[in-house]
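Chemist: The following file, coords.cif, comprises mmCIF, C-alpha atoms:
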```cif
data_my_file
loop_
_atom_site.label_atom_id
_atom_site.label_comp_id
_atom_site.auth_asym_id
_atom_site.auth_seq_id
_atom_site.Cartn_x
_atom_site.Cartn_y
_atom_site.Cartn_z
CA MET A 1 29.04 7.42 16.45
CA GLN A 2 26.82 7.25 13.36
CA PRO A 3 23.28 8.61 13.70
CA VAL A 4 20.54 6.07 14.42
CA THR A 5 17.74 5.59 11.88
CA ARG A 6 14.43 6.23 13.63
CA LEU A 7 11.67 4.10 12.16
CA LEU A 8 8.03 3.58 13.13
CA ALA A 9 6.54 0.41 11.63
CA VAL A 10 2.78 -0.08 11.40
CA VAL A 11 1.26 -3.50 10.69
CA VAL A 12 -2.42 -3.49 9.71
CA LEU A 13 -4.45 -6.57 10.65
CA TYR A 14 -7.84 -7.72 9.39
CA LYS A 15 -9.60 -10.69 11.00
CA LEU A 16 -6.27 -12.08 12.12
CA GLN A 17 -4.54 -12.49 15.46
CA PRO A 18 -1.11 -10.82 15.76
CA ARG A 19 0.49 -14.21 16.40
CA ASP A 20 -0.86 -15.44 13.03
CA SER A 21 0.43 -12.49 10.97
CA SER A 22 3.42 -13.53 8.87
CA THR A 23 4.36 -9.86 8.63
CA LEU A 24 4.44 -9.18 12.35
CA GLN A 25 6.15 -12.43 13.27
CA THR A 26 8.91 -12.07 10.67
CA LEU A 27 9.33 -8.38 11.55
CA LEU A 28 9.79 -9.24 15.23
CA SER A 29 12.25 -11.98 14.38
CA VAL A 30 14.32 -9.70 12.15
CA ALA A 31 14.17 -6.87 14.71
CA ALA A 32 15.61 -9.17 17.39
CA SER A 33 18.69 -9.79 15.27
CA THR A 34 19.23 -6.16 14.17
CA TYR A 35 21.77 -4.03 16.06
CA SER A 36 19.96 -1.42 18.15
CA GLU A 37 22.92 0.93 17.60
CA LYS A 38 21.76 1.22 13.98
CA LEU A 39 18.02 1.40 14.39
CA ASP A 40 15.46 2.91 16.75
CA LEU A 41 12.35 0.87 15.93
CA LYS A 42 8.83 1.19 17.30
CA ILE A 43 6.05 -1.16 16.16
CA LEU A 44 2.35 -0.31 16.04
CA VAL A 45 -0.26 -2.98 15.34
CA TRP A 46 -3.43 -1.46 13.90
CA ASP A 47 -6.37 -3.87 13.98
CA ASN A 48 -9.12 -3.31 11.40
CA THR A 49 -11.07 -6.42 12.41
CA PRO A 50 -14.79 -5.52 12.15
CA GLY A 51 -16.34 -5.41 15.61
CA GLY A 52 -12.95 -5.82 17.23
CA GLN A 53 -11.36 -8.96 18.66
CA LEU A 54 -9.75 -10.18 21.86
CA VAL A 55 -6.04 -9.97 21.15
CA GLU A 56 -3.83 -12.74 22.45
CA ASP A 57 -0.06 -13.01 22.82
CA LEU A 58 0.81 -9.42 21.87
CA PRO A 59 4.57 -9.05 22.33
CA GLU A 60 5.78 -6.68 25.03
CA GLY A 61 6.61 -3.22 23.74
CA VAL A 62 4.36 -3.47 20.67
CA LEU A 63 1.67 -0.78 20.57
CA TYR A 64 -1.87 -1.84 19.70
CA GLU A 65 -4.81 0.13 18.32
CA SER A 66 -8.22 -1.33 17.50
CA ALA A 67 -10.42 0.17 14.76
CA PRO A 68 -13.56 -2.03 14.83
CA GLN A 69 -15.26 0.09 12.14
CA ASN A 70 -12.59 -1.09 9.65
CA PRO A 71 -11.81 2.33 8.14
CA GLY A 72 -9.26 0.90 5.68
CA LEU A 73 -5.55 1.29 5.15
CA ALA A 74 -5.38 5.05 4.59
CA GLN A 75 -6.78 5.81 8.04
CA ALA A 76 -4.43 3.32 9.69
CA TYR A 77 -1.36 4.70 7.96
CA ASN A 78 -2.38 8.30 8.63
CA GLN A 79 -2.78 7.56 12.34
CA ALA A 80 0.67 5.97 12.34
CA LEU A 81 2.00 9.02 10.49
CA ARG A 82 0.67 11.32 13.21
CA LEU A 83 2.30 9.19 15.87
CA ALA A 84 5.61 9.10 14.00
CA ASP A 85 5.55 12.86 13.50
CA ALA A 86 4.67 13.56 17.14
CA GLU A 87 7.48 11.34 18.43
CA GLY A 88 10.15 12.53 16.01
CA TYR A 89 10.52 9.45 13.82
CA GLU A 90 12.03 10.23 10.42
CA TRP A 91 10.68 7.21 8.56
CA LEU A 92 7.38 5.31 8.50
CA LEU A 93 7.29 1.65 7.44
CA THR A 94 3.85 0.58 6.20
CA LEU A 95 2.95 -3.10 6.26
CA ASP A 96 -0.07 -5.32 5.82
CA GLN A 97 -0.54 -8.68 7.49
CA ASP A 98 0.48 -11.06 4.69
CA SER A 99 4.09 -10.15 3.89
CA PHE A 100 7.35 -11.85 4.84
CA VAL A 101 10.05 -9.51 6.10
CA PRO A 102 13.46 -10.78 4.87
CA GLU A 103 16.43 -11.16 7.21
CA ASN A 104 18.41 -8.25 5.75
CA PHE A 105 15.46 -5.86 5.68
CA LEU A 106 15.94 -3.76 8.82
CA THR A 107 19.72 -3.66 8.57
CA ARG A 108 19.48 -2.41 5.00
CA VAL A 109 16.73 0.07 5.94
CA ALA A 110 18.87 1.39 8.81
CA ASP A 111 21.83 1.92 6.46
CA LEU A 112 19.73 3.55 3.75
CA GLY A 113 17.93 5.71 6.30
CA ARG A 114 21.24 7.21 7.37
CA GLU A 115 22.61 7.55 3.84
CA LEU A 116 19.48 9.25 2.52
CA SER A 117 18.61 11.28 5.60
CA GLN A 118 19.88 14.51 4.04
CA VAL A 119 18.73 13.68 0.49
CA GLU A 120 15.35 15.28 1.00
CA THR A 121 14.25 14.75 -2.60
CA VAL A 122 13.92 11.06 -1.72
CA GLY A 123 10.46 10.64 -0.26
CA ALA A 124 10.41 6.85 -0.08
CA ILE A 125 12.60 3.76 0.01
CA VAL A 126 10.98 0.60 -1.36
CA PRO A 127 12.06 -3.03 -1.65
CA GLN A 128 11.13 -5.25 -4.54
CA VAL A 129 7.99 -7.21 -3.73
CA ILE A 130 7.36 -10.67 -5.14
CA ALA A 131 3.98 -12.40 -5.28
CA ASP A 132 3.20 -15.72 -6.93
CA GLY A 133 6.77 -15.89 -8.23
CA ARG A 134 6.85 -12.55 -10.01
CA ILE A 135 7.75 -8.97 -9.17
CA ILE A 136 4.66 -6.83 -8.51
CA SER A 137 6.37 -3.75 -7.05
CA PRO A 138 7.80 -1.22 -7.75
CA PHE A 139 6.95 -0.18 -11.30
CA GLN A 140 6.86 2.75 -13.72
CA PHE A 141 4.63 3.63 -16.66
CA ILE A 142 6.22 3.47 -20.10
CA PHE A 143 4.85 6.25 -22.34
CA HIS A 144 2.79 7.23 -19.25
CA ALA A 145 0.54 4.27 -20.01
CA VAL A 146 2.04 0.77 -19.84
CA PRO A 147 3.23 -0.58 -16.47
CA HIS A 148 6.86 -1.70 -16.47
CA TRP A 149 8.40 -3.37 -13.43
CA PHE A 150 11.98 -2.63 -12.40
CA HIS A 151 14.28 -5.54 -13.14
CA GLN A 152 15.22 -7.65 -10.15
CA GLY A 153 18.20 -6.25 -8.30
CA PHE A 154 17.81 -2.64 -9.49
CA VAL A 155 19.23 -0.25 -6.88
CA GLY A 156 19.04 3.51 -7.16
CA ILE A 157 16.83 6.58 -7.32
CA SER A 158 14.14 6.48 -9.98
CA LYS A 159 14.27 9.53 -12.23
CA ARG A 160 10.68 9.10 -13.35
CA ALA A 161 7.52 8.53 -11.36
CA ALA A 162 7.74 5.21 -9.53
CA TYR A 163 4.91 3.39 -7.81
CA ALA A 164 5.11 0.74 -5.10
CA ALA A 165 2.94 -1.45 -2.90
CA ASN A 166 2.06 -0.20 0.56
CA SER A 167 3.52 -3.21 2.31
CA GLY A 168 7.25 -2.78 2.74
CA SER A 169 7.41 0.91 1.79
CA ILE A 170 9.57 3.15 3.97
CA LEU A 171 8.19 6.68 3.71
CA ARG A 172 9.83 9.92 4.84
CA VAL A 173 7.58 11.42 7.49
CA SER A 174 8.24 15.02 6.43
CA ALA A 175 7.39 14.16 2.80
CA LEU A 176 4.09 12.60 3.85
CA ARG A 177 3.32 15.60 5.99
CA GLU A 178 3.83 17.90 2.99
CA ILE A 179 1.12 16.07 1.02
CA ASP A 180 -1.22 15.57 4.02
CA GLY A 181 -0.61 11.83 4.14
CA TYR A 182 -2.79 9.23 2.53
CA ASP A 183 -5.90 10.37 0.66
CA PRO A 184 -9.09 9.25 2.51
CA MET A 185 -10.88 9.15 -0.86
CA PHE A 186 -8.74 6.07 -1.62
CA PRO A 187 -8.99 4.20 1.70
CA LEU A 188 -7.88 0.76 0.51
CA ASP A 189 -7.28 -0.17 -3.12
CA LEU A 190 -5.11 2.26 -5.06
CA SER A 191 -4.18 3.97 -1.78
CA ASP A 192 -0.53 3.21 -2.54
CA THR A 193 -0.64 4.17 -6.23
CA ASN A 194 -2.39 7.41 -5.35
CA LEU A 195 0.16 8.18 -2.62
CA PHE A 196 3.21 7.62 -4.82
CA HIS A 197 1.64 9.71 -7.59
CA ARG A 198 1.19 12.58 -5.15
CA LEU A 199 4.72 12.19 -3.80
CA TYR A 200 6.07 12.48 -7.34
CA THR A 201 4.00 15.56 -8.20
CA SER A 202 5.26 17.18 -4.98
CA GLY A 203 8.83 16.78 -6.23
CA LYS A 204 9.83 13.65 -4.32
CA ARG A 205 11.58 10.62 -5.78
CA VAL A 206 11.75 6.94 -4.84
CA PHE A 207 14.85 4.95 -3.94
CA ILE A 208 14.52 1.39 -5.22
CA ALA A 209 16.25 -1.11 -2.93
CA GLY A 210 16.28 -4.03 -5.32
CA ASP A 211 18.78 -5.86 -3.13
CA VAL A 212 15.93 -6.43 -0.66
CA LEU A 213 13.22 -8.89 -1.76
CA MET A 214 9.96 -9.11 0.17
CA HIS A 215 7.46 -11.88 -0.53
CA HIS A 216 3.79 -11.04 -0.30
CA ASP A 217 0.38 -12.68 -0.73
CA PHE A 218 -1.45 -10.49 -3.25
CA ALA A 219 -5.26 -10.63 -2.98
CA LEU A 220 -5.97 -9.89 -6.63
CA LEU A 221 -3.98 -12.96 -7.70
CA ASN A 222 -6.42 -15.14 -5.76
CA LYS A 223 -9.69 -13.23 -5.79
CA GLN A 224 -11.98 -16.11 -4.85
CA ALA A 225 -10.12 -16.90 -1.64
CA ARG A 226 -8.89 -13.45 -0.69
CA MET A 227 -11.53 -10.90 -1.77
CA SER A 228 -15.23 -10.37 -1.16
CA ILE A 229 -17.29 -9.29 -4.14
CA GLU A 230 -17.96 -5.99 -2.36
CA ARG A 231 -14.23 -5.39 -2.01
CA TYR A 232 -13.74 -6.25 -5.68
CA ASP A 233 -16.49 -3.83 -6.76
CA ALA A 234 -14.87 -1.05 -4.75
CA SER A 235 -11.46 -1.82 -6.22
CA LEU A 236 -12.89 -1.52 -9.74
CA MET A 237 -14.40 1.87 -8.94
CA ASP A 238 -11.20 3.22 -7.36
CA ASP A 239 -9.06 1.83 -10.17
CA CYS A 240 -11.19 3.58 -12.78
CA ALA A 241 -11.16 6.82 -10.79
CA PHE A 242 -7.37 6.93 -10.52
CA TRP A 243 -6.91 6.37 -14.24
CA ASP A 244 -9.64 8.92 -15.07
CA LEU A 245 -8.22 11.56 -12.73
CA TYR A 246 -4.48 11.24 -13.29
CA MET A 247 -3.71 9.22 -16.42
CA GLY A 248 -4.07 10.00 -20.11
CA PRO A 249 -6.17 8.47 -22.92
CA LEU A 250 -3.47 5.94 -23.87
CA ALA A 251 -3.22 4.72 -20.29
CA ARG A 252 -6.99 4.38 -20.04
CA PHE A 253 -7.03 2.39 -23.28
CA GLU A 254 -4.31 0.11 -21.93
CA ARG A 255 -6.43 -0.43 -18.84
CA ILE A 256 -9.41 -1.44 -20.96
CA LEU A 257 -7.26 -4.02 -22.75
CA ARG A 258 -5.98 -5.30 -19.41
CA PHE A 259 -9.51 -5.82 -18.12
CA ALA A 260 -10.49 -7.60 -21.34
CA VAL A 261 -7.56 -9.98 -20.86
CA ARG A 262 -8.59 -10.53 -17.22
CA ILE A 263 -12.09 -11.51 -18.36
CA CYS A 264 -10.65 -14.01 -20.84
CA LYS A 265 -8.37 -15.54 -18.21
CA ASP A 266 -11.22 -15.86 -15.72
CA PHE A 267 -13.18 -17.99 -18.21
CA PHE A 268 -10.77 -20.79 -17.34
CA LYS A 269 -11.32 -20.37 -13.58
CA PRO A 270 -14.73 -21.82 -12.61
CA GLY A 271 -14.67 -20.14 -9.20
CA GLU A 272 -14.19 -16.68 -10.73
CA THR A 273 -17.58 -16.45 -12.49
CA ILE A 274 -19.01 -13.70 -10.27
CA PHE A 275 -15.78 -11.70 -10.54
CA ARG A 276 -15.73 -12.13 -14.31
CA GLU A 277 -19.29 -10.80 -14.52
CA ARG A 278 -18.40 -7.74 -12.43
CA THR A 279 -15.28 -7.10 -14.53
CA LEU A 280 -17.41 -7.26 -17.68
CA LEU A 281 -19.89 -4.75 -16.25
CA GLU A 282 -17.01 -2.44 -15.35
CA LEU A 283 -15.53 -2.79 -18.82
CA LYS A 284 -18.86 -1.77 -20.37
CA ARG A 285 -19.05 1.21 -18.00
CA ARG A 286 -15.61 2.39 -19.14
CA LEU A 287 -16.50 1.94 -22.79
CA PHE A 288 -19.95 3.48 -22.86
CA LYS A 289 -19.97 6.10 -20.11
CA SER A 290 -18.04 9.36 -20.49
CA ARG A 291 -14.96 10.06 -18.39
CA LYS A 292 -16.68 13.09 -16.86
CA ALA A 293 -19.70 11.00 -15.85
CA ARG A 294 -17.49 8.26 -14.40
CA ILE A 295 -15.56 10.74 -12.28
CA ALA A 296 -18.76 12.35 -10.99
CA GLU A 297 -20.21 8.94 -10.18
CA TRP A 298 -17.09 7.86 -8.30
CA ARG A 299 -16.69 11.17 -6.47
CA ALA A 300 -20.24 11.00 -5.09
CA TRP A 301 -19.79 7.36 -4.06
CA ALA A 302 -16.30 7.85 -2.58
CA THR A 303 -17.31 11.00 -0.69
CA LEU A 304 -20.19 9.14 0.94
CA ARG A 305 -17.82 6.29 1.82
CA ARG A 306 -15.29 8.69 3.32
CA ASP A 307 -17.85 10.66 5.32
CA THR A 308 -19.56 7.52 6.61
CA SER A 309 -16.21 6.16 7.75
CA ALA A 310 -15.38 9.44 9.47
CA GLN A 311 -18.73 9.43 11.29
CA ASP A 312 -18.21 5.85 12.43
CA GLN A 313 -14.80 6.81 13.80
CA SER A 314 -16.18 9.81 15.69
CA VAL A 315 -18.93 7.70 17.26
CA SER A 316 -16.39 5.18 18.52
#
```
Output the file's structure as structure tokens, nothing else.

Modeler:
Amino acid sequence: MQPVTRLLAVVVLYKLQPRDSSTLQTLLSVAASTYSEKLDLKILVWDNTPGGQLVEDLPEGVLYESAPQNPGLAQAYNQALRLADAEGYEWLLTLDQDSFVPENFLTRVADLGRELSQVETVGAIVPQVIADGRIISPFQFIFHAVPHWFHQGFVGISKRAAYAANSGSILRVSALREIDGYDPMFPLDLSDTNLFHRLYTSGKRVFIAGDVLMHHDFALLNKQARMSIERYDASLMDDCAFWDLYMGPLARFERILRFAVRICKDFFKPGETIFRERTLLELKRRLFKSRKARIAEWRAWATLRRDTSAQDQSVS
């Protein structure tokens, strides 16, 4: 008998009932049609709804954890990592609430989990993620500066650093343990980019499963409807910090050009005025404040955010 792939899946909710999560509902549907002889699957629902909520219609066997202080994604995934490690699961599947798990997903994950079990250089298996009709994950940086997305259908181990979205990523538990999991300094935005960067620098590689396509609603593609201005401000700070900390001058210049293009595009979107103004302020900050000063500014702000979140968790 072939070994069973042991997988813990965590679905993070925010102001949404489990029954209304496209991710959870499609995951449950796919799980029901996947042979149990191939896959040992446990599902954890982590609820970041501020203040908590009364949960209705939670399927039997699905674990539930409420985090009413809304500590972000990194905390949720790290808690799931600890559970997976304690219970001997080899792989951790991270998901948000707005994805659509395809029919072949778990069967393919079960097969790849077995095939790659002994290939310990592979720290992650990722599908190709599509949002608004285009591939948004995974990608590489050409010349360590310009993002380049893998062509649709690419299957294999990336030789260079590869980055992927949190939702749909299957992460080797032992590899995450080696790098101490997700970085609490990047609790939400850039948490995935930061994680995959650290996996790569620790010697791990990413298997691209381009034969699995996952559709996803991407907040940044619809900022007015999907993001608060506070969330957008935080994403700008974390974005700048990642590029300042880990990327070179050419990459930072490319990022400045990207933000300039975003500002121009937002001129044609009447509802994006406030976001355009914040993007312009951020662009000026990147142009006229030194890299050293930007890093110090972010580190003080992010440390306070991390410590405040930790205190809120301890009080609860």

Chemist: Taking all atoms listed in the file into account, name the residue in A:Val212, A:Val62, A:Val129, A:Leu41 that is nearest to A:Gln25.

Modeler: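 The answer is A:Val62, which sits nearest to A:Gln25.
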
Chemist: Please provide as a ChimeraX atom specification all residues within 12 Å of A:Pro71, with the sequence filter that same-chain residues fewer than 4 positions apart are discarded (counting all atoms listed in the file).

Modeler: /A:12-14,46-51,66-67,75-79,184-188,305-314,316

Chemist: Any idea what the distance is between atom CA of A:Leu116 and atom CA of A:Gln97?

Modeler: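 Value for the atom CA of A:Leu116-atom CA of A:Gln97 distance: 27.3 Å.
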
Chemist: Would you pick out the contacts of A:Asn194 at 10 Å or less, using all atoms listed in the file, so that residues sharing its chain but fewer than 4 positions from it are not included, and give the list as a VMD selection string?

Modeler: chain A and resid 163 182 to 183 185 to 186 189 to 190 198 to 199 238 to 239 242 246

Chemist: I'd like to know which of A:Ala161, A:Ile142, A:Ala234, A:Ala74 is closest to A:Gly181, using only C-alpha atoms.

Modeler: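 Of A:Ala161, A:Ile142, A:Ala234, A:Ala74, the one nearest A:Gly181 is A:Ala74, counting only C-alpha atoms.
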
Chemist: The PyMOL selection byres ((chain A and resi 266) around 12) - which residues does that actually catch in the file I just gave you? List them as a list in words.

Modeler: Leu221, Asn222, Lys223, Gln224, Phe259, Ala260, Val261, Arg262, Ile263, Cys264, Lys265, Phe267, Phe268, Lys269, Pro270, Gly271, Glu272, Thr273, Ile274, Phe275, Arg276, Glu277, Arg278, Thr279 and Leu280 of chain A

Chemist: Using the chain letters and residue numbers of this document, give as a ChimeraX atom specification the residues selected by the PyMOL selection byres ((chain A and resi 135) around 10).

Modeler: /A:128-134,136-139,149-152,213-216

Chemist: Those selected residues, please, written with C-alpha atoms and delivered as a JSON list (two decimals), in the coordinates of the input.

Modeler:
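Saved the output as part-v8.json:
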```json
[["chain", "number", "residue", "atom", "x", "y", "z"],
["A", 128, "GLN", "CA", 11.13, -5.25, -4.54],
["A", 129, "VAL", "CA", 7.99, -7.21, -3.73],
["A", 130, "ILE", "CA", 7.36, -10.67, -5.14],
["A", 131, "ALA", "CA", 3.98, -12.40, -5.28],
["A", 132, "ASP", "CA", 3.20, -15.72, -6.93],
["A", 133, "GLY", "CA", 6.77, -15.89, -8.23],
["A", 134, "ARG", "CA", 6.85, -12.55, -10.01],
["A", 136, "ILE", "CA", 4.66, -6.83, -8.51],
["A", 137, "SER", "CA", 6.37, -3.75, -7.05],
["A", 138, "PRO", "CA", 7.80, -1.22, -7.75],
["A", 139, "PHE", "CA", 6.95, -0.18, -11.30],
["A", 149, "TRP", "CA", 8.40, -3.37, -13.43],
["A", 150, "PHE", "CA", 11.98, -2.63, -12.40],
["A", 151, "HIS", "CA", 14.28, -5.54, -13.14],
["A", 152, "GLN", "CA", 15.22, -7.65, -10.15],
["A", 213, "LEU", "CA", 13.22, -8.89, -1.76],
["A", 214, "MET", "CA", 9.96, -9.11, 0.17],
["A", 215, "HIS", "CA", 7.46, -11.88, -0.53],
["A", 216, "HIS", "CA", 3.79, -11.04, -0.30]]
```

Chemist: Which residues come within 9 Å of A:Lys42, counting all atoms listed in the file, excluding same-chain residues fewer than 3 positions away, as a PyMOL selection string?

Modeler: chain A and resi 6-10+61-63
